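**Student:** Let me give you the structure first, and then I'll get to my questions.
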Amino acid sequence: MYKLSVPIVIERYPDVKKEAWLAELRRAGAHRVFLAVCRSVAPAEKKARSLRALEELIPYFEDAGLEVGVWTSSLGHGLSGCESLGYTRIRSVSGDSCGDSMCPLDAAFGKEFGEWLRSIALAGARLIMLDDDYRLSYRAGGVGCMCDLHMAEFSKLTGETLTRAEIIQKVFTGAPGRHRDAWLKTSGDSLRTLAVQLRAAVDTVSDRIRLGHCAVLSTWDVDGVDSIELAKIFAGKTRPFLRLIGAPYWAVKQNWGCRLGSVIEMERMQRKWCEKEDIEIFSEGDVYPRPRFNVPAAYAEGFDTALRADGGMDGILKYMIDYACSPRYETGYIDRHVRNASLYREIETHFSGKPAAGVRVFEVMHKLRNAMLSGAFPGGDYIQEDFIPSSIRFLCDNSVPMQYDNPDVTIIFGENARYADEETLQHGAILDAPAADILAQRGFDVGLHKMLGKADVNAEYYPEQDETVPVGGTYYNLESDGNARFVTLLKGPDAKGGAYEYEDRNGRRFLVYPFHAYEVRQHARVFRCYCRMRQLANSIAYIRRKPMEAVCLNNPDLYIQCKQDGESLSVGLWNFSADRIFAPEISLSREYGGARFIQCSGRLCGRSVFLSDLEAFGFAGVVLAKSSPARSLSQQGS
């Protein structure tokens with residue numbers, strides 16, 4: 001069952017009536033409510049108010065048939081505040097002290113935090129979740145904690161007393177080694193140890209209370225521990241649960257400025273990492289800062305419907321009730337959620353149960369440990385505060401369906417190439433220059449003889465399209481095999497070669513780009529380019545010796561998922577652009593006997609599907625069967 005959880009902030013209770021909350025939760029069809037309370041270092045009076053509210057609200061919502069969780073902040077988000085407290089602050093590698101973020105190695109803080117969770121448990125909580133501030137990194141100043149407590153632990157492990165500048169040089173530049181290993185162990189152990197203490201505090205009330213946390217990108221890599229391990233520590237004897245990281249509001253300009261399709265794919269990537277771990281996982285359907293003046297409901301609905309189509313999530317934490325005002329103030333999120341109920345059912349029927357088809361994304365956890373880092377700190381997208389992998393951004397920008405489960409053409413960018421093996425490459429791969437260089441150094445034949453250095457590039461020429469497109473960022477001159485075929489040509493004072501296709505002696509085919517994907521990802525027209533869309537679709541067909549299951553070109557921010565089984569292919573189109581798409585045409589890899597249309601009209605003609613116009617932030621689905629009469633389904637939805 002896809003479980004719907006909804007958070008509410010109870011700070012204003014009883015001024016905000018519990019009956020009003022319950023009415024909206026029931027209207028939404030919520031299965032679970034999370035009651036957000038103050039954090040452990042809040043003043044005693046504020047904590048007492050939260051606990052009194054919990055004692056009333058937990059049984060009230062449970063009697064109404066809802067599962068009830070309690071949600072609290074943990075270490076802090078790195079903002080200002082709490083300066084009067086005497087606890088040790090997290091101090092990032094950049095030297096900044098994070099105003100409200102407490103170091104997990106501070107024993108006095110750990111004691112107060114544990115006592116707070118014990119108090120929440122005594123108030124009746126059966127489920128407790130820590131916010132996504134249970135991390136050392138991705139806060140003010142960037143990476144890790146270099147407070148005196150962490151420095152002392154690092155010194156114990158290494159047997160050396162080093163300055164902060166010396167640690168940065170030995171850990172975050174050059175090749176991997178014992179100093180980086182020691183840094184990651186120090187960081188990870190500080191989070192593990194506190195997690196054990198917090199679990200023990202909850203166990204003093206009951207070892208059947210579920211305790212979990214919200215993932216964040218640093219706890220998949222640079223903090224020295226991953227969210228899977230932490231989820232299991234927090235869980236104790238109960239089943240682990242984990243809210244994943246990546247929210248609709250990241251795609252709104254006034255916040256992170258990411259794109260919605262990429263955020264969805266980042267959640268799918270984490271889902272893959274958690275596979276077979278027996279962890280309840282649910283997505284972050286956050287529309288911070290609310291209400292719809294700031295983040296339209298269309299972002300939440302696109303996010304939710306796409307992850308329902310993925311089919312791998314246990315549910316969603318969907319933030320549909322305003323935090324600051326009464327539930328009567330902003331009803332628009334739930335209005336649209338309710339309106340889309342029939343669409344959810346159609347998507348779950350025709351998409352969620354099928355395996356995904358498309359380019360396989362190869363992104364691994366823990367890349368920092370074995371990375372080769374440049375002399376400039378910080379180096380690489382696994383250290384920078386860039387939440388979404390470049391490979392995901394690239395495919396989303398070019399409307400390429402992707403998946404994480406099945407052997408197929410695989411995209412490998414940057415440091416991920418250190419972890420690729422023969423199986424990963426067996427169906428060919430799409431590589432950026434750093435990945436191609438790493439694979440070549442490891443003995444794989446990807447058509448690259450030598451990376452000759454950075455190139456001064458101002459444009460790429462697409463010979464098959466006779467189009468020159470201005471570009472920028474980090475490009476390289478590549479000395480490629482004589483059998484390589486260039487699909488783009490670099491233009492610039494010293495530019496040579498370009499993107500090329502190559503087939504090795506075993507028949508494996510590759511597409512190699514001459515850019516550093518992370519360093520060009522935001523540059524105009526490198527990723528987001530009509531010519532790139534067409535070139536990439538053609539090159540994928542070259543690598544796999546047949547076209548992609550579904551191709552729909554020339555539409556910015558068109559997000560596509562393909563789900564396929566032995567009987568049918570389901571294609572979902574989400575228009576995450578402000579522009580309407582006029583009569584989208586889908587090109588198929590084969591002919592089908594019939595089509596069913598969801599929230600659109602259309603016709604099947606050979607290997608093409610022609611659909612009605614797709615509104616901004618609209619969804620259209622087509623289910624193609626081997627042999628069945630075409631049918632049309634018209635539905636209402638946002």
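Residue numbering restarts at 1 in every chain; chains get A, B, ... in the order shown in the structure tokens, and ligands count up from 1 in that same order.
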List the spatial neighbours of Asn555 (chain A) as a PyMOL selection string - criterion: any atom at most 10 Å away, only C-alpha atoms, same-chain residues fewer than 2 positions off excluded.
**Tutor:** chain A and resi 397-399+529-530+533+552-553+557-559+575-577+579-582+584
**Student:** Using DSSP on the backbone coordinates, identify the residues of region 278-522 of chain A assigned to strand (DSSP E); present them as number ranges by chain.
**Tutor:** A: 280-285, 315-318, 356-357, 359-361, 402-403, 410-412, 429-431, 448-455, 459-462, 467-470, 475-480, 485-486, 489-491, 500-503, 509-512
**Student:** As a ChimeraX atom specification, please: the residues near Val143 (chain A) (cut-off 8 Å, only C-alpha atoms, same-chain neighbours under 5 positions excluded).
**Tutor:** /A:92-94,136-138,222,383
**Student:** For the residues in the current selection, export N, CA, C and O atoms as a compact mmCIF listing (two decimals), in the first residue's frame.
**Tutor:**
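Written output follows (part-v6.txt):
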# COMPACT_ATOMS: atom_id res chain seq x y z
N SER A 92 32.39 23.64 10.30
CA SER A 92 32.63 23.04 8.99
C SER A 92 34.08 23.18 8.58
O SER A 92 34.86 23.92 9.19
N VAL A 93 34.46 22.47 7.53
CA VAL A 93 35.82 22.50 7.02
C VAL A 93 36.24 23.91 6.63
O VAL A 93 37.40 24.28 6.72
N SER A 94 35.28 24.72 6.21
CA SER A 94 35.59 26.09 5.82
C SER A 94 35.94 26.97 7.01
O SER A 94 36.39 28.09 6.86
N LEU A 136 26.41 16.00 9.38
CA LEU A 136 27.51 16.92 9.65
C LEU A 136 27.64 17.97 8.56
O LEU A 136 28.09 19.09 8.81
N SER A 137 27.28 17.63 7.34
CA SER A 137 27.55 18.48 6.18
C SER A 137 26.29 19.12 5.63
O SER A 137 25.20 18.94 6.17
N TYR A 138 26.47 19.86 4.51
CA TYR A 138 25.38 20.55 3.83
C TYR A 138 24.64 21.49 4.78
O TYR A 138 23.43 21.46 4.92
N VAL A 222 29.59 11.85 2.16
CA VAL A 222 30.70 12.58 2.76
C VAL A 222 30.70 12.58 4.29
O VAL A 222 31.68 12.99 4.90
N ILE A 383 31.41 16.43 -3.23
CA ILE A 383 31.75 17.29 -2.12
C ILE A 383 30.99 18.61 -2.21
O ILE A 383 30.50 19.14 -1.23
**Student:** Any idea what's packed within 8 Å of Asn477 (chain A), counting only C-alpha atoms, ignoring anything in its chain fewer than 6 positions away? Could you give it as a compact mmCIF listing (two decimals) with all heavy atoms, in the first residue's frame?
**Tutor:**
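The resulting file, result08.txt, is reproduced below:
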# COMPACT_ATOMS: atom_id res chain seq x y z
N MET A 451 43.72 11.86 -22.55
CA MET A 451 43.07 13.13 -22.34
C MET A 451 44.17 14.19 -22.41
O MET A 451 45.10 14.20 -21.59
CB MET A 451 42.35 13.17 -20.99
CG MET A 451 41.34 14.29 -20.89
SD MET A 451 39.92 13.89 -19.82
CE MET A 451 40.68 13.96 -18.21
N LEU A 452 44.09 15.07 -23.39
CA LEU A 452 45.21 15.97 -23.71
C LEU A 452 45.20 17.26 -22.90
O LEU A 452 46.12 18.06 -23.02
CB LEU A 452 45.16 16.32 -25.21
CG LEU A 452 45.28 15.13 -26.17
CD1 LEU A 452 45.09 15.58 -27.60
CD2 LEU A 452 46.63 14.44 -25.99
N GLY A 453 44.21 17.49 -22.11
CA GLY A 453 44.15 18.72 -21.34
C GLY A 453 42.91 19.52 -21.68
O GLY A 453 42.17 19.22 -22.63
N LYS A 454 42.69 20.59 -20.92
CA LYS A 454 41.50 21.40 -21.11
C LYS A 454 41.57 22.15 -22.44
O LYS A 454 42.63 22.58 -22.87
CB LYS A 454 41.32 22.38 -19.96
CG LYS A 454 41.00 21.69 -18.64
CD LYS A 454 40.74 22.69 -17.54
CE LYS A 454 40.39 21.98 -16.23
NZ LYS A 454 40.13 22.93 -15.12
N ALA A 455 40.41 22.29 -23.05
CA ALA A 455 40.31 22.97 -24.34
C ALA A 455 39.57 24.29 -24.18
O ALA A 455 38.66 24.41 -23.36
CB ALA A 455 39.56 22.08 -25.34
N ALA A 495 40.62 23.99 -29.88
CA ALA A 495 39.73 22.85 -29.72
C ALA A 495 39.98 21.80 -30.79
O ALA A 495 40.21 22.11 -31.96
CB ALA A 495 38.27 23.31 -29.78
N LYS A 496 39.93 20.53 -30.35
CA LYS A 496 40.11 19.39 -31.25
C LYS A 496 39.04 18.35 -30.95
O LYS A 496 38.68 18.13 -29.80
CB LYS A 496 41.49 18.76 -31.08
CG LYS A 496 42.66 19.72 -31.31
CD LYS A 496 43.97 19.05 -30.97
CE LYS A 496 45.15 20.02 -31.12
NZ LYS A 496 46.44 19.41 -30.72
N GLY A 497 38.59 17.64 -31.97
CA GLY A 497 37.65 16.53 -31.78
C GLY A 497 36.30 17.00 -31.30
O GLY A 497 35.83 18.08 -31.61
N GLY A 498 35.65 16.16 -30.50
CA GLY A 498 34.32 16.44 -30.00
C GLY A 498 33.73 15.20 -29.35
O GLY A 498 34.46 14.30 -28.91
N PRO A 514 33.21 15.15 -24.49
CA PRO A 514 34.50 15.74 -24.12
C PRO A 514 34.41 16.75 -22.98
O PRO A 514 35.36 17.49 -22.74
CB PRO A 514 34.93 16.43 -25.42
CG PRO A 514 33.65 16.84 -26.07
CD PRO A 514 32.65 15.76 -25.72
**Student:** For the structure I just gave you, how does DSSP split region 498-586 of chain A - specifically, which residues are alpha helix (DSSP H)? Reply as a list of chain:residue names.
**Tutor:**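 So the alpha helix (DSSP H) residues in region 498-586 of chain A would be A:Ala517, A:Tyr518, A:Glu519, A:Val520, A:Tyr530, A:Cys531, A:Arg532, A:Met533, A:Arg534, A:Gln535, A:Leu536, A:Ala537, A:Asn538, A:Ser539, A:Ile540, A:Ala541, A:Tyr542, A:Ile543, A:Arg544.
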**Student:** Enter the distance from CA of Tyr475 (chain A) to CA of Ala440 (chain A), in Å, rounded to one decimal.
**Tutor:** 17.7 Å
**Student:** Go through region 108-178 of chain A and flag each residue having an atom no more than 12 Å from region 239-262 of chain A; for those, report the closest pair of atoms plus their distance in Å to one decimal, using only C-alpha atoms, ordered by chain and rising number, as a Markdown table.
**Tutor:**
| residue | atom | partner | partner_atom | distance |
| --- | --- | --- | --- | --- |
| A:Leu127 | CA | A:Phe241 | CA | 9.8 |
| A:Ile128 | CA | A:Phe241 | CA | 10.1 |
| A:Met129 | CA | A:Leu242 | CA | 8.6 |
| A:Leu130 | CA | A:Arg243 | CA | 9.6 |
| A:Asp131 | CA | A:Arg243 | CA | 9.0 |
| A:Asp132 | CA | A:Ile245 | CA | 7.9 |
| A:Asp133 | CA | A:Ile245 | CA | 11.2 |
**Student:** Can you pull out every residue within 10 Å of region 151-168 of chain A, counting only C-alpha atoms, but drop anything in the same chain fewer than 5 positions away, and send it as a list of chain:residue names?
**Tutor:**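 Listing them by chain and then by number gives A:Val93, A:Ser94, A:Gly95, A:Leu105, A:Cys145, A:Met146, A:Thr173, A:Arg178, A:His179, A:Arg180, A:Asp181, A:Ala182, A:Trp183, A:Leu184, A:Lys185, A:Thr186, A:Ser187, A:Asp189, A:Ser190, A:Phe377, A:Pro378.
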**Student:** Would you save the residues from that selection as a PDB file, in the first residue's frame, using N, CA and C atoms?
**Tutor:**
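That gives us out_2.pdb:
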ATOM      1  N   VAL A  93      34.457  22.472   7.532  1.00  0.00           N
ATOM      2  CA  VAL A  93      35.821  22.500   7.019  1.00  0.00           C
ATOM      3  C   VAL A  93      36.238  23.913   6.629  1.00  0.00           C
ATOM      4  N   SER A  94      35.278  24.719   6.207  1.00  0.00           N
ATOM      5  CA  SER A  94      35.594  26.092   5.819  1.00  0.00           C
ATOM      6  C   SER A  94      35.941  26.969   7.015  1.00  0.00           C
ATOM      7  N   GLY A  95      35.700  26.454   8.228  1.00  0.00           N
ATOM      8  CA  GLY A  95      36.009  27.200   9.444  1.00  0.00           C
ATOM      9  C   GLY A  95      34.822  27.847  10.098  1.00  0.00           C
ATOM     10  N   LEU A 105      29.286  14.717  19.042  1.00  0.00           N
ATOM     11  CA  LEU A 105      30.254  14.239  20.018  1.00  0.00           C
ATOM     12  C   LEU A 105      30.138  14.934  21.373  1.00  0.00           C
ATOM     13  N   CYS A 145      32.645  18.235  10.109  1.00  0.00           N
ATOM     14  CA  CYS A 145      32.808  18.959  11.369  1.00  0.00           C
ATOM     15  C   CYS A 145      34.268  18.908  11.784  1.00  0.00           C
ATOM     16  N   MET A 146      34.846  20.089  11.995  1.00  0.00           N
ATOM     17  CA  MET A 146      36.233  20.189  12.452  1.00  0.00           C
ATOM     18  C   MET A 146      36.290  20.936  13.781  1.00  0.00           C
ATOM     19  N   THR A 173      42.342  16.547  -0.840  1.00  0.00           N
ATOM     20  CA  THR A 173      43.037  16.725  -2.114  1.00  0.00           C
ATOM     21  C   THR A 173      43.793  15.439  -2.444  1.00  0.00           C
ATOM     22  N   ARG A 178      45.063   6.899   4.137  1.00  0.00           N
ATOM     23  CA  ARG A 178      44.677   6.626   5.526  1.00  0.00           C
ATOM     24  C   ARG A 178      44.087   7.854   6.218  1.00  0.00           C
ATOM     25  N   HIS A 179      44.506   9.050   5.820  1.00  0.00           N
ATOM     26  CA  HIS A 179      43.951  10.246   6.456  1.00  0.00           C
ATOM     27  C   HIS A 179      42.487  10.433   6.069  1.00  0.00           C
ATOM     28  N   ARG A 180      42.172  10.199   4.810  1.00  0.00           N
ATOM     29  CA  ARG A 180      40.768  10.303   4.408  1.00  0.00           C
ATOM     30  C   ARG A 180      39.941   9.219   5.083  1.00  0.00           C
ATOM     31  N   ASP A 181      40.480   8.009   5.146  1.00  0.00           N
ATOM     32  CA  ASP A 181      39.776   6.925   5.832  1.00  0.00           C
ATOM     33  C   ASP A 181      39.508   7.282   7.291  1.00  0.00           C
ATOM     34  N   ALA A 182      40.519   7.863   7.934  1.00  0.00           N
ATOM     35  CA  ALA A 182      40.374   8.241   9.344  1.00  0.00           C
ATOM     36  C   ALA A 182      39.337   9.354   9.503  1.00  0.00           C
ATOM     37  N   TRP A 183      39.346  10.306   8.581  1.00  0.00           N
ATOM     38  CA  TRP A 183      38.363  11.383   8.626  1.00  0.00           C
ATOM     39  C   TRP A 183      36.945  10.831   8.497  1.00  0.00           C
ATOM     40  N   LEU A 184      36.735   9.949   7.531  1.00  0.00           N
ATOM     41  CA  LEU A 184      35.405   9.392   7.318  1.00  0.00           C
ATOM     42  C   LEU A 184      34.963   8.527   8.495  1.00  0.00           C
ATOM     43  N   LYS A 185      35.892   7.799   9.087  1.00  0.00           N
ATOM     44  CA  LYS A 185      35.546   6.987  10.258  1.00  0.00           C
ATOM     45  C   LYS A 185      35.187   7.887  11.444  1.00  0.00           C
ATOM     46  N   THR A 186      35.976   8.934  11.666  1.00  0.00           N
ATOM     47  CA  THR A 186      35.680   9.870  12.749  1.00  0.00           C
ATOM     48  C   THR A 186      34.295  10.482  12.562  1.00  0.00           C
ATOM     49  N   SER A 187      34.013  10.923  11.364  1.00  0.00           N
ATOM     50  CA  SER A 187      32.717  11.549  11.078  1.00  0.00           C
ATOM     51  C   SER A 187      31.584  10.555  11.258  1.00  0.00           C
ATOM     52  N   ASP A 189      31.485   7.624  12.804  1.00  0.00           N
ATOM     53  CA  ASP A 189      31.332   7.097  14.162  1.00  0.00           C
ATOM     54  C   ASP A 189      30.637   8.083  15.084  1.00  0.00           C
ATOM     55  N   SER A 190      30.857   9.382  14.871  1.00  0.00           N
ATOM     56  CA  SER A 190      30.195  10.363  15.732  1.00  0.00           C
ATOM     57  C   SER A 190      28.680  10.295  15.554  1.00  0.00           C
ATOM     58  N   PHE A 377      40.235  22.939  -3.154  1.00  0.00           N
ATOM     59  CA  PHE A 377      39.180  22.423  -2.294  1.00  0.00           C
ATOM     60  C   PHE A 377      37.978  23.370  -2.351  1.00  0.00           C
ATOM     61  N   PRO A 378      36.720  22.835  -2.362  1.00  0.00           N
ATOM     62  CA  PRO A 378      36.427  21.422  -2.492  1.00  0.00           C
ATOM     63  C   PRO A 378      36.399  21.006  -3.953  1.00  0.00           C
TER      64      PRO A 378
END
**Student:** Would you kindly return, as a PyMOL selection string, each protein, DNA or RNA residue with an atom no farther than 9 Å from any atom of Pro327 (chain A), considering only C-alpha atoms and excluding same-chain residues fewer than 3 positions away?
**Tutor:** chain A and resi 16+20-21+23-24+321-323+330-331
**Student:** For region 295-298 of chain A, find every residue with an atom within 8 Å (counting only C-alpha atoms), except residues of its own chain fewer than 2 positions away, and show them as a PyMOL selection string.
**Tutor:** chain A and resi 249+252+287-293+300-302+332-333+336+617+638
**Student:** Keeping only N, CA, C and O atoms, take the residues you just selected and write them out as a PDB file, in the first residue's frame.
**Tutor:**
ATOM      1  N   TYR A 249       9.736  21.502  -3.657  1.00  0.00           N
ATOM      2  CA  TYR A 249      10.079  22.916  -3.540  1.00  0.00           C
ATOM      3  C   TYR A 249      11.483  23.228  -4.046  1.00  0.00           C
ATOM      4  O   TYR A 249      11.792  24.379  -4.370  1.00  0.00           O
ATOM      5  N   VAL A 252      11.495  25.171  -7.295  1.00  0.00           N
ATOM      6  CA  VAL A 252      10.909  26.502  -7.367  1.00  0.00           C
ATOM      7  C   VAL A 252      12.021  27.533  -7.219  1.00  0.00           C
ATOM      8  O   VAL A 252      12.892  27.403  -6.367  1.00  0.00           O
ATOM      9  N   VAL A 287       6.497  21.206   0.231  1.00  0.00           N
ATOM     10  CA  VAL A 287       6.229  22.414  -0.551  1.00  0.00           C
ATOM     11  C   VAL A 287       6.618  23.664   0.239  1.00  0.00           C
ATOM     12  O   VAL A 287       5.996  24.718   0.134  1.00  0.00           O
ATOM     13  N   TYR A 288       7.699  23.548   0.998  1.00  0.00           N
ATOM     14  CA  TYR A 288       8.227  24.673   1.756  1.00  0.00           C
ATOM     15  C   TYR A 288       8.439  25.879   0.841  1.00  0.00           C
ATOM     16  O   TYR A 288       8.906  25.697  -0.288  1.00  0.00           O
ATOM     17  N   PRO A 289       8.149  27.114   1.236  1.00  0.00           N
ATOM     18  CA  PRO A 289       7.684  27.466   2.583  1.00  0.00           C
ATOM     19  C   PRO A 289       6.163  27.552   2.722  1.00  0.00           C
ATOM     20  O   PRO A 289       5.678  28.002   3.748  1.00  0.00           O
ATOM     21  N   ARG A 290       5.409  27.131   1.701  1.00  0.00           N
ATOM     22  CA  ARG A 290       3.959  27.202   1.768  1.00  0.00           C
ATOM     23  C   ARG A 290       3.510  28.657   1.957  1.00  0.00           C
ATOM     24  O   ARG A 290       4.303  29.467   2.409  1.00  0.00           O
ATOM     25  N   PRO A 291       2.316  29.064   1.605  1.00  0.00           N
ATOM     26  CA  PRO A 291       1.288  28.327   0.869  1.00  0.00           C
ATOM     27  C   PRO A 291       1.555  28.359  -0.637  1.00  0.00           C
ATOM     28  O   PRO A 291       2.701  28.548  -1.050  1.00  0.00           O
ATOM     29  N   ARG A 292       0.494  28.254  -1.446  1.00  0.00           N
ATOM     30  CA  ARG A 292       0.668  28.135  -2.890  1.00  0.00           C
ATOM     31  C   ARG A 292       1.172  29.410  -3.548  1.00  0.00           C
ATOM     32  O   ARG A 292       1.605  29.386  -4.690  1.00  0.00           O
ATOM     33  N   PHE A 293       1.119  30.543  -2.840  1.00  0.00           N
ATOM     34  CA  PHE A 293       1.772  31.744  -3.352  1.00  0.00           C
ATOM     35  C   PHE A 293       3.262  31.493  -3.570  1.00  0.00           C
ATOM     36  O   PHE A 293       3.891  32.094  -4.446  1.00  0.00           O
ATOM     37  N   ALA A 300       3.862  19.577  -6.249  1.00  0.00           N
ATOM     38  CA  ALA A 300       3.634  18.413  -5.382  1.00  0.00           C
ATOM     39  C   ALA A 300       2.931  17.293  -6.133  1.00  0.00           C
ATOM     40  O   ALA A 300       3.249  16.107  -5.961  1.00  0.00           O
ATOM     41  N   GLU A 301       1.970  17.649  -6.985  1.00  0.00           N
ATOM     42  CA  GLU A 301       1.225  16.624  -7.700  1.00  0.00           C
ATOM     43  C   GLU A 301       2.081  15.950  -8.765  1.00  0.00           C
ATOM     44  O   GLU A 301       2.003  14.730  -8.965  1.00  0.00           O
ATOM     45  N   GLY A 302       2.897  16.712  -9.470  1.00  0.00           N
ATOM     46  CA  GLY A 302       3.812  16.093 -10.425  1.00  0.00           C
ATOM     47  C   GLY A 302       4.776  15.143  -9.753  1.00  0.00           C
ATOM     48  O   GLY A 302       5.039  14.033 -10.247  1.00  0.00           O
ATOM     49  N   GLY A 332      -5.743  24.421  -0.849  1.00  0.00           N
ATOM     50  CA  GLY A 332      -5.514  24.122  -2.258  1.00  0.00           C
ATOM     51  C   GLY A 332      -4.684  22.885  -2.513  1.00  0.00           C
ATOM     52  O   GLY A 332      -4.877  22.204  -3.529  1.00  0.00           O
ATOM     53  N   TYR A 333      -3.748  22.586  -1.612  1.00  0.00           N
ATOM     54  CA  TYR A 333      -2.943  21.376  -1.811  1.00  0.00           C
ATOM     55  C   TYR A 333      -3.820  20.134  -1.721  1.00  0.00           C
ATOM     56  O   TYR A 333      -3.743  19.226  -2.560  1.00  0.00           O
ATOM     57  N   ARG A 336      -6.345  19.670  -4.706  1.00  0.00           N
ATOM     58  CA  ARG A 336      -5.785  19.068  -5.919  1.00  0.00           C
ATOM     59  C   ARG A 336      -5.411  17.605  -5.704  1.00  0.00           C
ATOM     60  O   ARG A 336      -5.523  16.789  -6.627  1.00  0.00           O
ATOM     61  N   PHE A 617       2.436  21.653 -16.673  1.00  0.00           N
ATOM     62  CA  PHE A 617       2.358  20.801 -15.483  1.00  0.00           C
ATOM     63  C   PHE A 617       1.246  19.759 -15.582  1.00  0.00           C
ATOM     64  O   PHE A 617       0.754  19.260 -14.577  1.00  0.00           O
ATOM     65  N   SER A 638      -5.486  17.810 -11.990  1.00  0.00           N
ATOM     66  CA  SER A 638      -4.751  19.072 -12.050  1.00  0.00           C
ATOM     67  C   SER A 638      -3.593  18.950 -13.003  1.00  0.00           C
ATOM     68  O   SER A 638      -3.129  17.878 -13.312  1.00  0.00           O
TER      69      SER A 638
END
**Student:** Wanna dump the region 499-536 of chain A-region 486-493 of chain A contacts at 7 Å for me, each residue with its shortest atom pair and the distance in Å to one decimal, counting only C-alpha atoms, ordered by chain and number, as JSON lines?
**Tutor:**
{"residue": "A:Ala499", "atom": "CA", "partner": "A:Thr488", "partner_atom": "CA", "distance": 5.1}
{"residue": "A:Tyr500", "atom": "CA", "partner": "A:Phe486", "partner_atom": "CA", "distance": 4.1}
{"residue": "A:Glu501", "atom": "CA", "partner": "A:Phe486", "partner_atom": "CA", "distance": 6.4}
**Student:** Based on the selection just made, write C-alpha atoms of those residues as an mmCIF file, in the first residue's frame.
**Tutor:**
data_model
loop_
_atom_site.group_PDB
_atom_site.id
_atom_site.type_symbol
_atom_site.label_atom_id
_atom_site.label_comp_id
_atom_site.auth_asym_id
_atom_site.auth_seq_id
_atom_site.Cartn_x
_atom_site.Cartn_y
_atom_site.Cartn_z
ATOM 1 C CA ALA A 499 31.759 13.930 -28.761
ATOM 2 C CA TYR A 500 32.253 10.535 -30.351
ATOM 3 C CA GLU A 501 30.664 7.116 -30.769
#
**Student:** Go through A:Gly606, A:Gly482, A:Gly174, A:Gly594 and flag the residue nearest Leu448 (chain A), using only C-alpha atoms for the distances.
**Tutor:**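 Counting only C-alpha atoms, the residue closest to Leu448 (chain A) is A:Gly482.
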**Student:** Which residue gives the smallest distance to Glu464 (chain A) among A:Lys232, A:Ser539, A:Val520, A:Gly428, with only C-alpha atoms counted?
**Tutor:**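 Ranked by minimum distance to Glu464 (chain A), first place goes to A:Ser539.
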**Student:** With a cut-off of 10 Å, could you pull out the residues of region 489-604 of chain A touching region 305-311 of chain A and give me the nearest pair of atoms for each, distance in Å to one decimal, using only C-alpha atoms, ordered by chain and ascending number, as JSON lines?
**Tutor:**
{"residue": "A:Tyr559", "atom": "CA", "partner": "A:Ala306", "partner_atom": "CA", "distance": 9.2}
{"residue": "A:Ile560", "atom": "CA", "partner": "A:Ala306", "partner_atom": "CA", "distance": 9.1}
{"residue": "A:Gln561", "atom": "CA", "partner": "A:Ala309", "partner_atom": "CA", "distance": 7.9}
{"residue": "A:Cys562", "atom": "CA", "partner": "A:Ala309", "partner_atom": "CA", "distance": 9.1}
{"residue": "A:Lys563", "atom": "CA", "partner": "A:Asp310", "partner_atom": "CA", "distance": 8.2}
{"residue": "A:Ser570", "atom": "CA", "partner": "A:Ala309", "partner_atom": "CA", "distance": 9.6}
{"residue": "A:Val571", "atom": "CA", "partner": "A:Ala309", "partner_atom": "CA", "distance": 9.9}
{"residue": "A:Gly572", "atom": "CA", "partner": "A:Ala309", "partner_atom": "CA", "distance": 8.2}
{"residue": "A:Leu573", "atom": "CA", "partner": "A:Ala306", "partner_atom": "CA", "distance": 9.3}
{"residue": "A:Trp574", "atom": "CA", "partner": "A:Ala306", "partner_atom": "CA", "distance": 8.1}
